[in-house]
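Asker: This structure is in structure tokens; I'll ask about it shortly.
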Amino acid sequence: MLRFPLPLPFTRPVAFSLAIALVQACLLVASGGTASAQFEIGAGSRSDGIRSGDGPREERGGIGRDIGTGIGIGIEIGRTIDQSASKPTDGRVSTKSKPNGPKRYGRKDDKKDDKKDGKTGKGDDKKDDKKKDPGQVAVVTSIDDCLMIIEYPPGQIAAPDGATNTDLKGSAAALKASLKGTSSEQTITKDNTINDALKKFTEGGKCCKRIQLFGHGYQDGSLTVPYPTSSDKESDKAYHLGGDGMSKKLGKDAFNDFTKGIKDALCKDPKSGKPAKDAEVRIHSCWSADNVKQDHPIAEELSKTGVTTWGYQGVAKFPYTAPEEDDSKREYSPPTPEGAGEYKKLDAVAEDKSTATEKK
């Protein structure tokens, strides 16, 4: 049986090869005419008895036209063949080439430059990055120590031998200097409450590993603050958190609001959403871990809500040393318990039980 060679696939390289062959054929025909014309022109200029004009003559302009026509025909045929090769025979629209559009150079994949937002191909990528995976845990920047120093208005602290605002700040600064890691500081005033300060600590997705609070404590175990904690502003208990004020609804509401602010600011366990194991609060004030009158010291009450809290059993000192001739040149030390008092850690417990453990 006779076998005939299979036809070449009609691809773009084949199309251009045919076009080039046609151009060469046209140039070859034109070249033959040009050589003949040149010979006869040369012969007409000779002085060997042959008269000029006896033989056929070709005009130079005609030769150029023939060559240009041949090239033009070859290019048009090649272009037609290329466009025909780009079109599928099954009626579909080809995506391999764009005969009427500009070519792109220097890119292996033209799809990389496709426009998504009318500007560049990177437009939608930024929007896609903002779409968070529902199971993704937000990254939180932790602050090792968030310090709050209470500044009292003149006359609020009646004890003449008690620590002044300067003493509280000086002792807090000494403690801060001894700490390792990052820290942030807020001054508590009548216009900047504890909860206000806690919100400022956590701005920008931050959290506090440890909260340290410096202030004056009362013998009922409460913490004295420079702003009213309830609507009963005329009562002395309105300026206290914890203590026997918790026997009334207003006192409980104020303490619950304080507790919520503390928990919101502390770093949390990503699974349980509760304060992390190493998160804790340290309240540097007198009788914050126990009291002599009632049973609601602020550190103990806070530990009952699930927050590990440190406090003082007895009086807290904010010590300093100074030369006898100039008391203003004070060098402060971190807070410390006075006498037989203790600085106690109250482990985080549930409901109405707390255990005082571990001395520091």
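Going through the structure tokens in order, the chains are called A, B, and so on, while each chain numbers its residues from 1 and the ligands are numbered from 1 in the order shown.
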Select from range 144-305 of chain A everything DSSP, run on the backbone, classes as strand (DSSP E), then give the selection as a ChimeraX atom specification.
Answerer: /A:145-150,183-188,206-208,210-214,223-224,240-241,280-284
Asker: Compile the contact shell of Pro275 in chain A as a list in words: residues with an atom at most 8 Å away, counting only C-alpha atoms, same-chain residues fewer than 3 positions apart removed.
Answerer: Lys263, Leu266, Cys267, Lys268, Asp269, Ala279, Gly306 and Val307 of chain A
Asker: Find the distance between CA of Asp253 in chain A and CA of Gly217 in chain A and write it in Å to one decimal.
Answerer: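 The value is 19.3 Å.
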Asker: Write out as a ChimeraX atom specification each polymer residue whose atoms come within 12 Å of Asp257 in chain A, counting only C-alpha atoms; drop sequence neighbours fewer than 4 positions from it.
Answerer: /A:193-196,198,229-230,241-242,250-253,261-264,302
Asker: Residues as selected, N, CA and C atoms, written as an mmCIF file, in the first residue's frame, can you do that?
Answerer:
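The result, written out as out_30.cif:
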data_model
loop_
_atom_site.group_PDB
_atom_site.id
_atom_site.type_symbol
_atom_site.label_atom_id
_atom_site.label_comp_id
_atom_site.auth_asym_id
_atom_site.auth_seq_id
_atom_site.Cartn_x
_atom_site.Cartn_y
_atom_site.Cartn_z
ATOM 1 N N THR A 193 -9.168 57.893 84.724
ATOM 2 C CA THR A 193 -9.467 56.825 85.664
ATOM 3 C C THR A 193 -8.639 55.574 85.363
ATOM 4 N N ILE A 194 -8.735 54.601 86.251
ATOM 5 C CA ILE A 194 -8.018 53.351 86.047
ATOM 6 C C ILE A 194 -8.455 52.676 84.750
ATOM 7 N N ASN A 195 -9.764 52.653 84.515
ATOM 8 C CA ASN A 195 -10.249 52.022 83.282
ATOM 9 C C ASN A 195 -9.842 52.812 82.036
ATOM 10 N N ASP A 196 -9.765 54.141 82.155
ATOM 11 C CA ASP A 196 -9.276 54.950 81.031
ATOM 12 C C ASP A 196 -7.837 54.562 80.692
ATOM 13 N N LEU A 198 -6.292 51.744 81.396
ATOM 14 C CA LEU A 198 -6.227 50.381 80.873
ATOM 15 C C LEU A 198 -6.555 50.336 79.381
ATOM 16 N N THR A 229 -16.446 56.652 92.327
ATOM 17 C CA THR A 229 -16.698 55.376 91.661
ATOM 18 C C THR A 229 -18.181 55.043 91.578
ATOM 19 N N SER A 230 -19.032 55.912 92.141
ATOM 20 C CA SER A 230 -20.477 55.690 92.081
ATOM 21 C C SER A 230 -21.183 57.034 92.041
ATOM 22 N N LEU A 241 -12.326 51.526 95.917
ATOM 23 C CA LEU A 241 -12.647 50.297 95.201
ATOM 24 C C LEU A 241 -12.400 49.127 96.142
ATOM 25 N N GLY A 242 -13.400 48.222 96.276
ATOM 26 C CA GLY A 242 -13.287 47.118 97.217
ATOM 27 C C GLY A 242 -13.631 47.574 98.620
ATOM 28 N N LEU A 250 -23.917 49.780 94.840
ATOM 29 C CA LEU A 250 -23.059 50.742 94.148
ATOM 30 C C LEU A 250 -21.591 50.339 94.248
ATOM 31 N N GLY A 251 -21.195 49.861 95.425
ATOM 32 C CA GLY A 251 -19.816 49.431 95.609
ATOM 33 C C GLY A 251 -19.486 48.199 94.778
ATOM 34 N N LYS A 252 -20.445 47.283 94.686
ATOM 35 C CA LYS A 252 -20.226 46.087 93.879
ATOM 36 C C LYS A 252 -20.144 46.425 92.395
ATOM 37 N N ASP A 253 -21.019 47.316 91.959
ATOM 38 C CA ASP A 253 -20.994 47.714 90.548
ATOM 39 C C ASP A 253 -19.665 48.372 90.171
ATOM 40 N N GLY A 261 -12.357 45.960 83.417
ATOM 41 C CA GLY A 261 -11.259 46.688 82.778
ATOM 42 C C GLY A 261 -9.934 45.956 82.920
ATOM 43 N N ILE A 262 -9.704 45.376 84.096
ATOM 44 C CA ILE A 262 -8.474 44.614 84.338
ATOM 45 C C ILE A 262 -8.397 43.402 83.415
ATOM 46 N N LYS A 263 -9.484 42.640 83.336
ATOM 47 C CA LYS A 263 -9.486 41.429 82.517
ATOM 48 C C LYS A 263 -9.354 41.743 81.031
ATOM 49 N N ASP A 264 -9.956 42.829 80.606
ATOM 50 C CA ASP A 264 -9.855 43.216 79.196
ATOM 51 C C ASP A 264 -8.423 43.566 78.815
ATOM 52 N N LEU A 302 -10.288 40.480 93.834
ATOM 53 C CA LEU A 302 -9.911 40.358 92.421
ATOM 54 C C LEU A 302 -9.464 38.932 92.101
#
